[in-house]
Amino acid sequence: MSMIRSLFVPGWSKVIPGLIACALFAWIVMNVDYMLGKYDKANVASAALPALEQELATATAEGDADAVASTEKKIAKQRKALDKVGGAVGDSWGWATLLYEKFQFKYVAMLLIGGILIRNLFGVPEFLKAGIGVARPLIKPGIIILGVHYVWTDVVRVGGTGLALAVVFIFGTAIIVMWLSRRFGVGDGLGGIMGAGTGVCGVSAIIATAPVVGAKPRDMAYAIGTILLFGTVMLFVMPYLGQAMGVSEPQFGAWVALAILNTAQLIAAAEWYGEEARNTAVLINAARIMLIPLIVVFAVWFYGIKAEGKKGSFWATMRAKFPVFILGFFVLIILNSMGIAALGGPKVDGSPFWAMNAVYKWFFAIGFAGIGLSISIEDMKKAGGAAFAIGSGAATAKMVIGLIVVLLLGTELLRVAGG
Amino acid sequence: MSSKAEGQDKPAGLSSAKREDIWALVIAGVVMLISMAAPEAVYNIFKKILYIF
């Protein structure tokens, strides 16, 4: 009973209005995204159908049965897209393609940009703030459910590569930032949490490391401000950079998982870029966040902090800081890999995993609504000083080196095949 | 991830990050159970009914 009671914070009912507001915002945006996508597909179909019909006529005249069947299938698909908007060949919805394809104005961008605009132009009433804070972690059940997309071979190949990259990048960045912080006279508290924050999982790592390095609340505000500012800028810049440089979706997924320091922000950027990017990013991020306890242990060692003389403090830290939810993600991967008929798969119509595959996006949408609505320009201004310069410099260096590494690794090693 | 300070809101020893993690597992478990009981209904709600435009 006490375990169940501890899951509810005092005054938990206060989160309901904000949670409903985020769900409503997410629902409206998901519908706008669906409508834009529908008109974009119809626009493409309207332009493609005359050529396809010509192709069909040629294939029929040549008596090529295979080509006829395949072209007929393509025509049926394009006609379906046109029928959805009640359009005909020759109609144009260029605005939809411009917004949806060229500007990538998809639900992630709408929720984040819309949320930031609402928060900073109109403000968010006090009674909604608690619920908005609770909406952000709803990305976690979304990540667990996404486990149905993967099989063990993905975990070994992409996750193994991701784990190796994460270890090198996390500890490399953490060591450099902590060492530079000492050299430039930044206090151990601030230097420690900046090292952990820029190396591993942003805000979570800062919160986890703060008590062990004795960081002050002001240090935490600086470090969190720096991480959020960098993550927010990169969240909007990286998808366009990736597109401009022709980075493939799996490579982009690996790149954001290494460069962006906050789980929610990196999943938003990857989801924005495409489904394959998101699949790779989630898997590499899962490998990365499992290293949070190790970075705390590392900070304890680096700053020579006495672990209060407790026996087994290494395992106590590991247990306290381990992100338990990621186990659910791996359980679903195991179940999906076992090919249990009763559970089916994400592509097996009518199966439980097929149904679950329809749900995760809604958790992401509510979480992204929470992120957008909680990004305050005032909080961003808290970033500053030498720690900001070192932290953002290290994060930028990690981003550039990360790009080079994923480009060298190629697309196939980072592609999630799924099952 | 959580932005709440460690130790904040932890009446019975659970940190806010741990509480979020456990809630995430519970929610995902509930989604799985409902999906096992009525997969078609879950699919229709989240892929069709919720889209009204």
# chains A, B, ... in the order shown; residues from 1 in each chain; ligands from 1
>>> interface_residues(of="chain A", to="chain B", cutoff="7 Å", atoms="only C-alpha atoms", output="PyMOL selection string")
chain A and resi 6-7+9+31+35+137+140-141+144-145+203-204+207-208+262-264+323-325+328+350-352+355-356+358-359
>>> closest_residue(among="A:Leu19, A:Gly367, A:Ala287, A:Leu407", to="A:Val167", atoms="only C-alpha atoms")
A:Ala287
>>> select_by_dssp(residues="stretch 11-44 of chain B", states="helix (DSSP H, G or I)", output="ChimeraX atom specification")
/B:16-37,39-44
>>> residues_around(residues="stretch 101-113 of chain A", least_positions_apart="3", cutoff="10 Å", atoms="only C-alpha atoms", output="ChimeraX atom specification")
/A:22,25-34,36-37,40,95-98,116-119,232,235-236,239-240,265,267-274,364-375
>>> residues_around(residues="A:Gly345", least_positions_apart="2", cutoff="9 Å", atoms="only C-alpha atoms", output="list in words")
Val148, His149, Asn336, Gly339, Ile340, Ala341, Leu343, Lys347, Val348, Asp349, Ser351, Pro352, Phe353, Trp354, Asn357 and Gly419 of chain A
